[in-house]
$ cat work_23.pdb   # PDB, C-alpha atoms
MODEL        1
ATOM      1  CA  MET R   2      45.665  10.442   2.384
ATOM      2  CA  GLN R   3      46.873  11.806  -0.902
ATOM      3  CA  ILE R   4      44.857  14.339  -2.832
ATOM      4  CA  SER R   5      44.572  12.029  -5.836
ATOM      5  CA  THR R   6      43.106   9.287  -3.597
ATOM      6  CA  MET R   7      40.606  11.758  -2.160
ATOM      7  CA  SER R   8      39.661  12.883  -5.662
ATOM      8  CA  LYS R   9      39.034   9.288  -6.753
ATOM      9  CA  LYS R  10      36.839   8.626  -3.707
ATOM     10  CA  PHE R  11      34.922  11.840  -4.335
ATOM     11  CA  ALA R  12      34.464  10.860  -8.001
ATOM     12  CA  ARG R  13      33.081   7.444  -6.972
ATOM     13  CA  MET R  14      30.728   9.056  -4.440
ATOM     14  CA  THR R  15      29.545  11.556  -7.029
ATOM     15  CA  GLN R  16      28.964   8.793  -9.577
ATOM     16  CA  THR R  17      27.005   6.764  -7.019
ATOM     17  CA  LYS R  18      24.814   9.766  -6.210
ATOM     18  CA  LYS R  19      24.224  10.400  -9.925
ATOM     19  CA  ILE R  20      23.154   6.792 -10.417
ATOM     20  CA  SER R  21      20.883   6.922  -7.358
ATOM     21  CA  LEU R  22      19.323  10.197  -8.483
ATOM     22  CA  GLY R  23      18.926   8.840 -11.983
ATOM     23  CA  MET R  24      17.161   5.750 -10.666
ATOM     24  CA  ALA R  25      14.921   7.905  -8.477
ATOM     25  CA  ALA R  26      14.082  10.129 -11.446
ATOM     26  CA  ALA R  27      13.319   7.076 -13.577
ATOM     27  CA  GLY R  28      11.043   5.717 -10.850
ATOM     28  CA  ALA R  29       9.260   9.056 -10.589
ATOM     29  CA  ALA R  30       8.800   9.084 -14.353
ATOM     30  CA  VAL R  31       7.247   5.620 -14.249
ATOM     31  CA  VAL R  32       4.871   6.704 -11.486
ATOM     32  CA  ALA R  33       4.002   9.932 -13.298
ATOM     33  CA  GLY R  34       3.469   8.074 -16.545
ATOM     34  CA  SER R  35       1.202   5.529 -14.931
ATOM     35  CA  LEU R  36      -0.818   8.241 -13.213
ATOM     36  CA  VAL R  37      -1.373  10.026 -16.487
ATOM     37  CA  GLY R  38      -2.633   6.812 -18.093
ATOM     38  CA  ALA R  39      -4.610   5.654 -15.064
ATOM     39  CA  PRO R  40      -8.347   6.186 -14.747
ATOM     40  CA  ALA R  41      -9.112   9.436 -12.996
ATOM     41  CA  ALA R  42      -9.558   8.858  -9.289
ATOM     42  CA  SER R  43      -8.658  11.366  -6.638
ATOM     43  CA  ALA R  44      -8.718  11.184  -2.888
ATOM     44  CA  ALA R  45     -12.047  13.011  -3.123
ATOM     45  CA  THR R  46     -13.576  10.289  -5.330
ATOM     46  CA  PRO R  47     -16.314   8.507  -3.393
ATOM     47  CA  ALA R  48     -16.060   4.775  -2.849
ATOM     48  CA  GLN R  49     -18.022   2.523  -5.162
ATOM     49  CA  SER R  50     -20.015   1.175  -2.246
ATOM     50  CA  GLY R  51     -20.465   2.204   1.335
ATOM     51  CA  SER R  52     -20.205   5.716   2.599
ATOM     52  CA  GLY R  53     -18.124   7.656   5.054
ATOM     53  CA  ASN R  54     -14.522   8.668   5.373
ATOM     54  CA  VAL R  55     -11.195   7.106   6.291
ATOM     55  CA  SER R  56     -11.817   7.364  10.027
ATOM     56  CA  SER R  57     -15.272   5.779   9.850
ATOM     57  CA  TRP R  58     -14.057   3.021   7.488
ATOM     58  CA  ILE R  59     -11.223   2.139   9.856
ATOM     59  CA  ASN R  60     -13.557   2.116  12.864
ATOM     60  CA  GLN R  61     -16.097  -0.081  11.044
ATOM     61  CA  SER R  62     -13.304  -2.479  10.089
ATOM     62  CA  LEU R  63     -11.994  -2.556  13.644
ATOM     63  CA  GLU R  64     -15.438  -3.565  14.933
ATOM     64  CA  ILE R  65     -15.537  -6.493  12.502
ATOM     65  CA  MET R  66     -11.904  -7.395  13.149
ATOM     66  CA  HIS R  67     -12.365  -7.483  16.907
ATOM     67  CA  ALA R  68     -15.505  -9.628  16.544
ATOM     68  CA  LYS R  69     -13.541 -12.055  14.330
ATOM     69  CA  GLY R  70     -10.356 -12.039  16.430
ATOM     70  CA  ILE R  71      -8.230 -10.210  13.849
ATOM     71  CA  PRO R  72      -5.588  -8.041  15.561
ATOM     72  CA  GLY R  73      -4.872  -4.452  14.620
ATOM     73  CA  THR R  74      -5.180  -0.879  15.791
ATOM     74  CA  TYR R  75      -6.496   2.332  14.324
ATOM     75  CA  ASN R  76      -2.969   3.761  14.096
ATOM     76  CA  GLY R  77      -1.548   0.685  12.367
ATOM     77  CA  ILE R  78      -4.318   0.672   9.785
ATOM     78  CA  TYR R  79      -4.207   4.431   9.245
ATOM     79  CA  ARG R  80      -0.427   4.495   8.760
ATOM     80  CA  ASN R  81      -0.520   1.728   6.148
ATOM     81  CA  LEU R  82      -3.642   3.017   4.416
ATOM     82  CA  MET R  83      -2.220   6.497   3.957
ATOM     83  CA  ARG R  84       1.064   5.116   2.614
ATOM     84  CA  GLU R  85      -0.655   2.735   0.199
ATOM     85  CA  SER R  86      -3.509   4.876  -1.192
ATOM     86  CA  SER R  87      -3.567   8.290   0.525
ATOM     87  CA  GLY R  88      -7.096   7.400   1.589
ATOM     88  CA  ASN R  89      -8.452   6.836  -1.936
ATOM     89  CA  PRO R  90     -10.720   3.757  -1.912
ATOM     90  CA  ASN R  91     -10.566   3.594  -5.723
ATOM     91  CA  ALA R  92      -6.769   3.636  -5.929
ATOM     92  CA  ILE R  93      -5.277   1.148  -8.382
ATOM     93  CA  ASN R  94      -1.631   0.427  -9.091
ATOM     94  CA  ASN R  95      -1.194  -0.163 -12.829
ATOM     95  CA  TRP R  96       2.604  -0.159 -12.924
ATOM     96  CA  ASP R  97       4.211  -2.611 -10.459
ATOM     97  CA  SER R  98       5.083  -6.300 -10.850
ATOM     98  CA  ASN R  99       1.572  -7.408  -9.860
ATOM     99  CA  ALA R 100       0.042  -5.140 -12.498
ATOM    100  CA  ALA R 101       2.498  -6.500 -15.075
ATOM    101  CA  LYS R 102       1.059  -9.966 -14.282
ATOM    102  CA  GLY R 103      -2.478  -8.649 -14.785
ATOM    103  CA  ILE R 104      -3.414  -8.458 -11.097
ATOM    104  CA  PRO R 105      -3.042  -4.829  -9.994
ATOM    105  CA  SER R 106      -3.250  -3.797  -6.357
ATOM    106  CA  LYS R 107      -6.552  -2.102  -5.568
ATOM    107  CA  GLY R 108      -8.287  -0.066  -2.907
ATOM    108  CA  LEU R 109      -7.293   1.598   0.314
ATOM    109  CA  LEU R 110      -4.691  -0.986   1.323
ATOM    110  CA  GLN R 111      -3.665  -1.989  -2.216
ATOM    111  CA  VAL R 112      -4.776  -5.622  -2.143
ATOM    112  CA  ILE R 113      -4.579  -7.908  -5.189
ATOM    113  CA  ASP R 114      -7.664  -9.932  -6.152
ATOM    114  CA  PRO R 115      -6.336 -13.386  -5.115
ATOM    115  CA  THR R 116      -5.321 -12.094  -1.673
ATOM    116  CA  PHE R 117      -8.661 -10.320  -1.228
ATOM    117  CA  LYS R 118     -10.546 -13.524  -2.087
ATOM    118  CA  ALA R 119      -8.353 -15.698   0.146
ATOM    119  CA  TYR R 120      -8.562 -13.382   3.173
ATOM    120  CA  HIS R 121     -12.071 -11.966   2.687
ATOM    121  CA  VAL R 122     -13.901 -11.672   6.002
ATOM    122  CA  ASP R 123     -17.503 -12.851   6.245
ATOM    123  CA  GLY R 124     -19.921 -10.002   6.823
ATOM    124  CA  THR R 125     -18.101  -7.636   4.453
ATOM    125  CA  SER R 126     -18.687  -6.909   0.779
ATOM    126  CA  TRP R 127     -17.029  -8.975  -1.949
ATOM    127  CA  ASN R 128     -16.212  -5.688  -3.737
ATOM    128  CA  ILE R 129     -12.449  -5.144  -3.414
ATOM    129  CA  TYR R 130     -13.013  -1.375  -3.664
ATOM    130  CA  ASP R 131     -15.405  -1.376  -0.710
ATOM    131  CA  PRO R 132     -13.390   0.453   1.970
ATOM    132  CA  VAL R 133     -14.411  -1.727   4.918
ATOM    133  CA  ALA R 134     -14.014  -4.994   2.980
ATOM    134  CA  ASN R 135     -10.611  -3.924   1.646
ATOM    135  CA  ILE R 136      -9.282  -2.861   5.053
ATOM    136  CA  THR R 137     -10.630  -5.945   6.813
ATOM    137  CA  ALA R 138      -9.285  -8.419   4.233
ATOM    138  CA  ALA R 139      -5.889  -6.684   4.187
ATOM    139  CA  CYS R 140      -5.717  -6.770   7.980
ATOM    140  CA  ASN R 141      -6.686 -10.455   7.974
ATOM    141  CA  TYR R 142      -3.872 -11.145   5.497
ATOM    142  CA  ALA R 143      -1.395  -9.073   7.539
ATOM    143  CA  ALA R 144      -2.413 -10.915  10.709
ATOM    144  CA  HIS R 145      -1.671 -14.273   9.086
ATOM    145  CA  ARG R 146       1.580 -13.138   7.478
ATOM    146  CA  TYR R 147       3.016 -10.612   9.980
ATOM    147  CA  GLY R 148       1.025 -11.073  13.196
ATOM    148  CA  SER R 149      -0.869  -7.788  12.727
ATOM    149  CA  ILE R 150      -1.230  -4.848  10.356
ATOM    150  CA  ASP R 151       0.568  -2.948  13.122
ATOM    151  CA  ASN R 152       3.749  -4.854  12.237
ATOM    152  CA  VAL R 153       3.663  -3.736   8.603
ATOM    153  CA  ASN R 154       5.870  -0.725   7.925
ATOM    154  CA  SER R 155       6.313  -0.886   4.160
ATOM    155  CA  ALA R 156       4.663  -2.349   1.096
ATOM    156  CA  TYR R 157       3.456  -5.825   1.909
TER     157      TYR R 157
ENDMDL
END
$ encode --input "work_23.pdb" --output "structure tokens"
Amino acid sequence: MQISTMSKKFARMTQTKKISLGMAAAGAAVVAGSLVGAPAASAATPAQSGSGNVSSWINQSLEIMHAKGIPGTYNGIYRNLMRESSGNPNAINNWDSNAAKGIPSKGLLQVIDPTFKAYHVDGTSWNIYDPVANITAACNYAAHRYGSIDNVNSAY
């Protein structure tokens, strides 16, 4: 291979990396900007209803899910919950395409209102921020769409 050909390939690779890094930086800026403008809610913020912690919320949801025949495991729920909200039951996404349509994702598993209403599980709260109701409805949705929350490995 000639040196000039190698230089051109290197230039294209460098340009691609610059574009990728630029897109990543732009995405980070959008996230940072939305967090600054979002209502204050940290992982330490208590849920609006119910009490407990991530582990107890998952276990309560699993009891309901098993009684209703909804598949899922602790590990599958935990993995998705931590990716979606870092365990914050009051998490809200005010920047993605759903938010742009006026229906932001909410709660531990980042469910939108229409999905929560459609997949709500009897015996749980109708409050989308209620940890057990949010987990159980999200798992019910995932079961219908993907077979189980355990099969979900990215935003859903």
$ resolve_selection --input "work_23.pdb" --expression "the PyMOL selection byres ((chain R and resi 116) around 12)" --output "PDB file with C-alpha atoms, keeping the file's coordinate frame"
ATOM      1  CA  ASN R  99       1.572  -7.408  -9.860  1.00  0.00           C
ATOM      2  CA  ILE R 104      -3.414  -8.458 -11.097  1.00  0.00           C
ATOM      3  CA  PRO R 105      -3.042  -4.829  -9.994  1.00  0.00           C
ATOM      4  CA  SER R 106      -3.250  -3.797  -6.357  1.00  0.00           C
ATOM      5  CA  LYS R 107      -6.552  -2.102  -5.568  1.00  0.00           C
ATOM      6  CA  LEU R 110      -4.691  -0.986   1.323  1.00  0.00           C
ATOM      7  CA  GLN R 111      -3.665  -1.989  -2.216  1.00  0.00           C
ATOM      8  CA  VAL R 112      -4.776  -5.622  -2.143  1.00  0.00           C
ATOM      9  CA  ILE R 113      -4.579  -7.908  -5.189  1.00  0.00           C
ATOM     10  CA  ASP R 114      -7.664  -9.932  -6.152  1.00  0.00           C
ATOM     11  CA  PRO R 115      -6.336 -13.386  -5.115  1.00  0.00           C
ATOM     12  CA  PHE R 117      -8.661 -10.320  -1.228  1.00  0.00           C
ATOM     13  CA  LYS R 118     -10.546 -13.524  -2.087  1.00  0.00           C
ATOM     14  CA  ALA R 119      -8.353 -15.698   0.146  1.00  0.00           C
ATOM     15  CA  TYR R 120      -8.562 -13.382   3.173  1.00  0.00           C
ATOM     16  CA  HIS R 121     -12.071 -11.966   2.687  1.00  0.00           C
ATOM     17  CA  VAL R 122     -13.901 -11.672   6.002  1.00  0.00           C
ATOM     18  CA  ILE R 129     -12.449  -5.144  -3.414  1.00  0.00           C
ATOM     19  CA  ASN R 135     -10.611  -3.924   1.646  1.00  0.00           C
ATOM     20  CA  THR R 137     -10.630  -5.945   6.813  1.00  0.00           C
ATOM     21  CA  ALA R 138      -9.285  -8.419   4.233  1.00  0.00           C
ATOM     22  CA  ALA R 139      -5.889  -6.684   4.187  1.00  0.00           C
ATOM     23  CA  CYS R 140      -5.717  -6.770   7.980  1.00  0.00           C
ATOM     24  CA  ASN R 141      -6.686 -10.455   7.974  1.00  0.00           C
ATOM     25  CA  TYR R 142      -3.872 -11.145   5.497  1.00  0.00           C
ATOM     26  CA  ALA R 143      -1.395  -9.073   7.539  1.00  0.00           C
ATOM     27  CA  HIS R 145      -1.671 -14.273   9.086  1.00  0.00           C
ATOM     28  CA  ARG R 146       1.580 -13.138   7.478  1.00  0.00           C
ATOM     29  CA  TYR R 157       3.456  -5.825   1.909  1.00  0.00           C
TER      30      TYR R 157
END
$ residues_around --input "work_23.pdb" --residues "Val133 of chain R" --least-positions-apart "4" --cutoff "9 Å" --atoms "all atoms listed in the file" --output "PDB file with C-alpha atoms, in the coordinates of the input"
ATOM      1  CA  GLY R  51     -20.465   2.204   1.335  1.00  0.00           C
ATOM      2  CA  TRP R  58     -14.057   3.021   7.488  1.00  0.00           C
ATOM      3  CA  ILE R  59     -11.223   2.139   9.856  1.00  0.00           C
ATOM      4  CA  ASN R  60     -13.557   2.116  12.864  1.00  0.00           C
ATOM      5  CA  GLN R  61     -16.097  -0.081  11.044  1.00  0.00           C
ATOM      6  CA  SER R  62     -13.304  -2.479  10.089  1.00  0.00           C
ATOM      7  CA  THR R 125     -18.101  -7.636   4.453  1.00  0.00           C
ATOM      8  CA  SER R 126     -18.687  -6.909   0.779  1.00  0.00           C
ATOM      9  CA  THR R 137     -10.630  -5.945   6.813  1.00  0.00           C
ATOM     10  CA  ALA R 138      -9.285  -8.419   4.233  1.00  0.00           C
TER      11      ALA R 138
END
$ resolve_selection --input "work_23.pdb" --expression "the PyMOL selection byres ((chain R and resi 89) around 7)" --output "PDB file with C-alpha atoms, keeping the file's coordinate frame"
ATOM      1  CA  SER R  43      -8.658  11.366  -6.638  1.00  0.00           C
ATOM      2  CA  ALA R  44      -8.718  11.184  -2.888  1.00  0.00           C
ATOM      3  CA  SER R  86      -3.509   4.876  -1.192  1.00  0.00           C
ATOM      4  CA  SER R  87      -3.567   8.290   0.525  1.00  0.00           C
ATOM      5  CA  GLY R  88      -7.096   7.400   1.589  1.00  0.00           C
ATOM      6  CA  PRO R  90     -10.720   3.757  -1.912  1.00  0.00           C
ATOM      7  CA  ASN R  91     -10.566   3.594  -5.723  1.00  0.00           C
ATOM      8  CA  ALA R  92      -6.769   3.636  -5.929  1.00  0.00           C
ATOM      9  CA  GLY R 108      -8.287  -0.066  -2.907  1.00  0.00           C
ATOM     10  CA  LEU R 109      -7.293   1.598   0.314  1.00  0.00           C
TER      11      LEU R 109
END
$ atom_distance --input "work_23.pdb" --atom1 "atom CA of Gly77 of chain R" --atom2 "atom CA of Gly124 of chain R"
22.0 Å
$ atom_distance --input "work_23.pdb" --atom1 "atom CA of Gly73 of chain R" --atom2 "atom CA of Ile150 of chain R"
5.6 Å
$ atom_distance --input "work_23.pdb" --atom1 "atom CA of Glu85 of chain R" --atom2 "atom CA of Ser155 of chain R"
8.8 Å
$ closest_residue --input "work_23.pdb" --among "R:Gly148, R:Ala101, R:Pro132, R:Val153" --to "Gly53 of chain R" --atoms "all atoms listed in the file"
R:Pro132
$ residues_around --input "work_23.pdb" --residues "Ala144 of chain R" --least-positions-apart "5" --cutoff "7 Å" --atoms "only C-alpha atoms" --output "compact mmCIF listing (two decimals) with C-alpha atoms, keeping the file's coordinate frame"
# COMPACT_ATOMS: atom_id res chain seq x y z
CA ILE R 71 -8.23 -10.21 13.85
CA PRO R 72 -5.59 -8.04 15.56
CA SER R 149 -0.87 -7.79 12.73
CA ILE R 150 -1.23 -4.85 10.36
$ closest_residue --input "work_23.pdb" --among "R:Asn81, R:Trp96, R:His67, R:Trp127" --to "Asn152 of chain R" --atoms "all atoms listed in the file"
R:Asn81
$ decode --input "work_23.pdb" --residues "segment 130-144 of chain R" --atoms "all heavy atoms" --output "PDB file, in the first residue's frame"
ATOM      1  N   TYR R 130     -45.633   6.743  39.235  1.00  0.00           N
ATOM      2  CA  TYR R 130     -44.396   6.881  40.013  1.00  0.00           C
ATOM      3  C   TYR R 130     -44.312   5.883  41.165  1.00  0.00           C
ATOM      4  O   TYR R 130     -43.276   5.777  41.808  1.00  0.00           O
ATOM      5  CB  TYR R 130     -44.249   8.297  40.561  1.00  0.00           C
ATOM      6  CG  TYR R 130     -43.987   9.321  39.485  1.00  0.00           C
ATOM      7  CD1 TYR R 130     -45.001  10.159  39.038  1.00  0.00           C
ATOM      8  CD2 TYR R 130     -42.728   9.455  38.908  1.00  0.00           C
ATOM      9  CE1 TYR R 130     -44.771  11.107  38.055  1.00  0.00           C
ATOM     10  CE2 TYR R 130     -42.481  10.390  37.921  1.00  0.00           C
ATOM     11  CZ  TYR R 130     -43.508  11.218  37.499  1.00  0.00           C
ATOM     12  OH  TYR R 130     -43.262  12.145  36.515  1.00  0.00           O
ATOM     13  N   ASP R 131     -45.397   5.168  41.435  1.00  0.00           N
ATOM     14  CA  ASP R 131     -45.358   4.151  42.477  1.00  0.00           C
ATOM     15  C   ASP R 131     -44.400   3.051  42.009  1.00  0.00           C
ATOM     16  O   ASP R 131     -44.589   2.474  40.926  1.00  0.00           O
ATOM     17  CB  ASP R 131     -46.747   3.564  42.708  1.00  0.00           C
ATOM     18  CG  ASP R 131     -46.717   2.483  43.760  1.00  0.00           C
ATOM     19  OD1 ASP R 131     -46.830   2.816  44.945  1.00  0.00           O
ATOM     20  OD2 ASP R 131     -46.551   1.294  43.385  1.00  0.00           O
ATOM     21  N   PRO R 132     -43.361   2.773  42.789  1.00  0.00           N
ATOM     22  CA  PRO R 132     -42.335   1.822  42.331  1.00  0.00           C
ATOM     23  C   PRO R 132     -42.879   0.451  41.933  1.00  0.00           C
ATOM     24  O   PRO R 132     -42.531  -0.074  40.872  1.00  0.00           O
ATOM     25  CB  PRO R 132     -41.389   1.712  43.531  1.00  0.00           C
ATOM     26  CG  PRO R 132     -41.570   2.997  44.264  1.00  0.00           C
ATOM     27  CD  PRO R 132     -43.019   3.356  44.095  1.00  0.00           C
ATOM     28  N   VAL R 133     -43.737  -0.124  42.753  1.00  0.00           N
ATOM     29  CA  VAL R 133     -44.249  -1.466  42.469  1.00  0.00           C
ATOM     30  C   VAL R 133     -45.177  -1.434  41.248  1.00  0.00           C
ATOM     31  O   VAL R 133     -45.092  -2.303  40.371  1.00  0.00           O
ATOM     32  CB  VAL R 133     -44.963  -2.053  43.710  1.00  0.00           C
ATOM     33  CG1 VAL R 133     -45.631  -3.383  43.385  1.00  0.00           C
ATOM     34  CG2 VAL R 133     -43.964  -2.223  44.851  1.00  0.00           C
ATOM     35  N   ALA R 134     -46.015  -0.436  41.143  1.00  0.00           N
ATOM     36  CA  ALA R 134     -46.917  -0.323  39.987  1.00  0.00           C
ATOM     37  C   ALA R 134     -46.128  -0.115  38.704  1.00  0.00           C
ATOM     38  O   ALA R 134     -46.441  -0.705  37.658  1.00  0.00           O
ATOM     39  CB  ALA R 134     -47.899   0.825  40.207  1.00  0.00           C
ATOM     40  N   ASN R 135     -45.096   0.712  38.759  1.00  0.00           N
ATOM     41  CA  ASN R 135     -44.277   1.004  37.583  1.00  0.00           C
ATOM     42  C   ASN R 135     -43.537  -0.253  37.116  1.00  0.00           C
ATOM     43  O   ASN R 135     -43.565  -0.593  35.926  1.00  0.00           O
ATOM     44  CB  ASN R 135     -43.296   2.134  37.908  1.00  0.00           C
ATOM     45  CG  ASN R 135     -42.539   2.635  36.702  1.00  0.00           C
ATOM     46  OD1 ASN R 135     -41.570   2.020  36.281  1.00  0.00           O
ATOM     47  ND2 ASN R 135     -42.971   3.757  36.152  1.00  0.00           N
ATOM     48  N   ILE R 136     -42.895  -0.941  38.040  1.00  0.00           N
ATOM     49  CA  ILE R 136     -42.162  -2.161  37.697  1.00  0.00           C
ATOM     50  C   ILE R 136     -43.114  -3.206  37.121  1.00  0.00           C
ATOM     51  O   ILE R 136     -42.841  -3.809  36.075  1.00  0.00           O
ATOM     52  CB  ILE R 136     -41.434  -2.752  38.929  1.00  0.00           C
ATOM     53  CG1 ILE R 136     -40.320  -1.820  39.406  1.00  0.00           C
ATOM     54  CG2 ILE R 136     -40.894  -4.149  38.625  1.00  0.00           C
ATOM     55  CD1 ILE R 136     -39.744  -2.201  40.773  1.00  0.00           C
ATOM     56  N   THR R 137     -44.242  -3.408  37.786  1.00  0.00           N
ATOM     57  CA  THR R 137     -45.161  -4.471  37.388  1.00  0.00           C
ATOM     58  C   THR R 137     -45.782  -4.190  36.018  1.00  0.00           C
ATOM     59  O   THR R 137     -45.862  -5.090  35.174  1.00  0.00           O
ATOM     60  CB  THR R 137     -46.242  -4.673  38.473  1.00  0.00           C
ATOM     61  OG1 THR R 137     -45.598  -4.809  39.747  1.00  0.00           O
ATOM     62  CG2 THR R 137     -47.054  -5.919  38.210  1.00  0.00           C
ATOM     63  N   ALA R 138     -46.174  -2.934  35.778  1.00  0.00           N
ATOM     64  CA  ALA R 138     -46.736  -2.585  34.463  1.00  0.00           C
ATOM     65  C   ALA R 138     -45.678  -2.723  33.377  1.00  0.00           C
ATOM     66  O   ALA R 138     -45.953  -3.247  32.289  1.00  0.00           O
ATOM     67  CB  ALA R 138     -47.300  -1.159  34.491  1.00  0.00           C
ATOM     68  N   ALA R 139     -44.462  -2.262  33.649  1.00  0.00           N
ATOM     69  CA  ALA R 139     -43.382  -2.367  32.662  1.00  0.00           C
ATOM     70  C   ALA R 139     -43.074  -3.831  32.344  1.00  0.00           C
ATOM     71  O   ALA R 139     -42.850  -4.186  31.180  1.00  0.00           O
ATOM     72  CB  ALA R 139     -42.135  -1.656  33.169  1.00  0.00           C
ATOM     73  N   CYS R 140     -43.068  -4.668  33.357  1.00  0.00           N
ATOM     74  CA  CYS R 140     -42.802  -6.089  33.145  1.00  0.00           C
ATOM     75  C   CYS R 140     -43.936  -6.754  32.374  1.00  0.00           C
ATOM     76  O   CYS R 140     -43.699  -7.652  31.550  1.00  0.00           O
ATOM     77  CB  CYS R 140     -42.550  -6.797  34.471  1.00  0.00           C
ATOM     78  SG  CYS R 140     -40.977  -6.343  35.223  1.00  0.00           S
ATOM     79  N   ASN R 141     -45.174  -6.321  32.621  1.00  0.00           N
ATOM     80  CA  ASN R 141     -46.319  -6.835  31.882  1.00  0.00           C
ATOM     81  C   ASN R 141     -46.198  -6.452  30.401  1.00  0.00           C
ATOM     82  O   ASN R 141     -46.396  -7.275  29.511  1.00  0.00           O
ATOM     83  CB  ASN R 141     -47.616  -6.293  32.481  1.00  0.00           C
ATOM     84  CG  ASN R 141     -48.854  -6.997  31.979  1.00  0.00           C
ATOM     85  OD1 ASN R 141     -48.809  -8.134  31.532  1.00  0.00           O
ATOM     86  ND2 ASN R 141     -49.976  -6.310  32.056  1.00  0.00           N
ATOM     87  N   TYR R 142     -45.829  -5.202  30.140  1.00  0.00           N
ATOM     88  CA  TYR R 142     -45.597  -4.747  28.775  1.00  0.00           C
ATOM     89  C   TYR R 142     -44.470  -5.559  28.119  1.00  0.00           C
ATOM     90  O   TYR R 142     -44.616  -6.064  26.998  1.00  0.00           O
ATOM     91  CB  TYR R 142     -45.237  -3.257  28.769  1.00  0.00           C
ATOM     92  CG  TYR R 142     -44.641  -2.781  27.467  1.00  0.00           C
ATOM     93  CD1 TYR R 142     -45.436  -2.591  26.343  1.00  0.00           C
ATOM     94  CD2 TYR R 142     -43.272  -2.550  27.355  1.00  0.00           C
ATOM     95  CE1 TYR R 142     -44.884  -2.168  25.144  1.00  0.00           C
ATOM     96  CE2 TYR R 142     -42.713  -2.123  26.161  1.00  0.00           C
ATOM     97  CZ  TYR R 142     -43.520  -1.934  25.057  1.00  0.00           C
ATOM     98  OH  TYR R 142     -42.968  -1.525  23.871  1.00  0.00           O
ATOM     99  N   ALA R 143     -43.348  -5.701  28.821  1.00  0.00           N
ATOM    100  CA  ALA R 143     -42.204  -6.431  28.276  1.00  0.00           C
ATOM    101  C   ALA R 143     -42.568  -7.890  27.999  1.00  0.00           C
ATOM    102  O   ALA R 143     -42.111  -8.465  27.003  1.00  0.00           O
ATOM    103  CB  ALA R 143     -41.016  -6.343  29.231  1.00  0.00           C
ATOM    104  N   ALA R 144     -43.389  -8.477  28.849  1.00  0.00           N
ATOM    105  CA  ALA R 144     -43.812  -9.860  28.639  1.00  0.00           C
ATOM    106  C   ALA R 144     -44.613  -9.982  27.344  1.00  0.00           C
ATOM    107  O   ALA R 144     -44.413 -10.926  26.571  1.00  0.00           O
ATOM    108  CB  ALA R 144     -44.647 -10.346  29.822  1.00  0.00           C
TER     109      ALA R 144
END
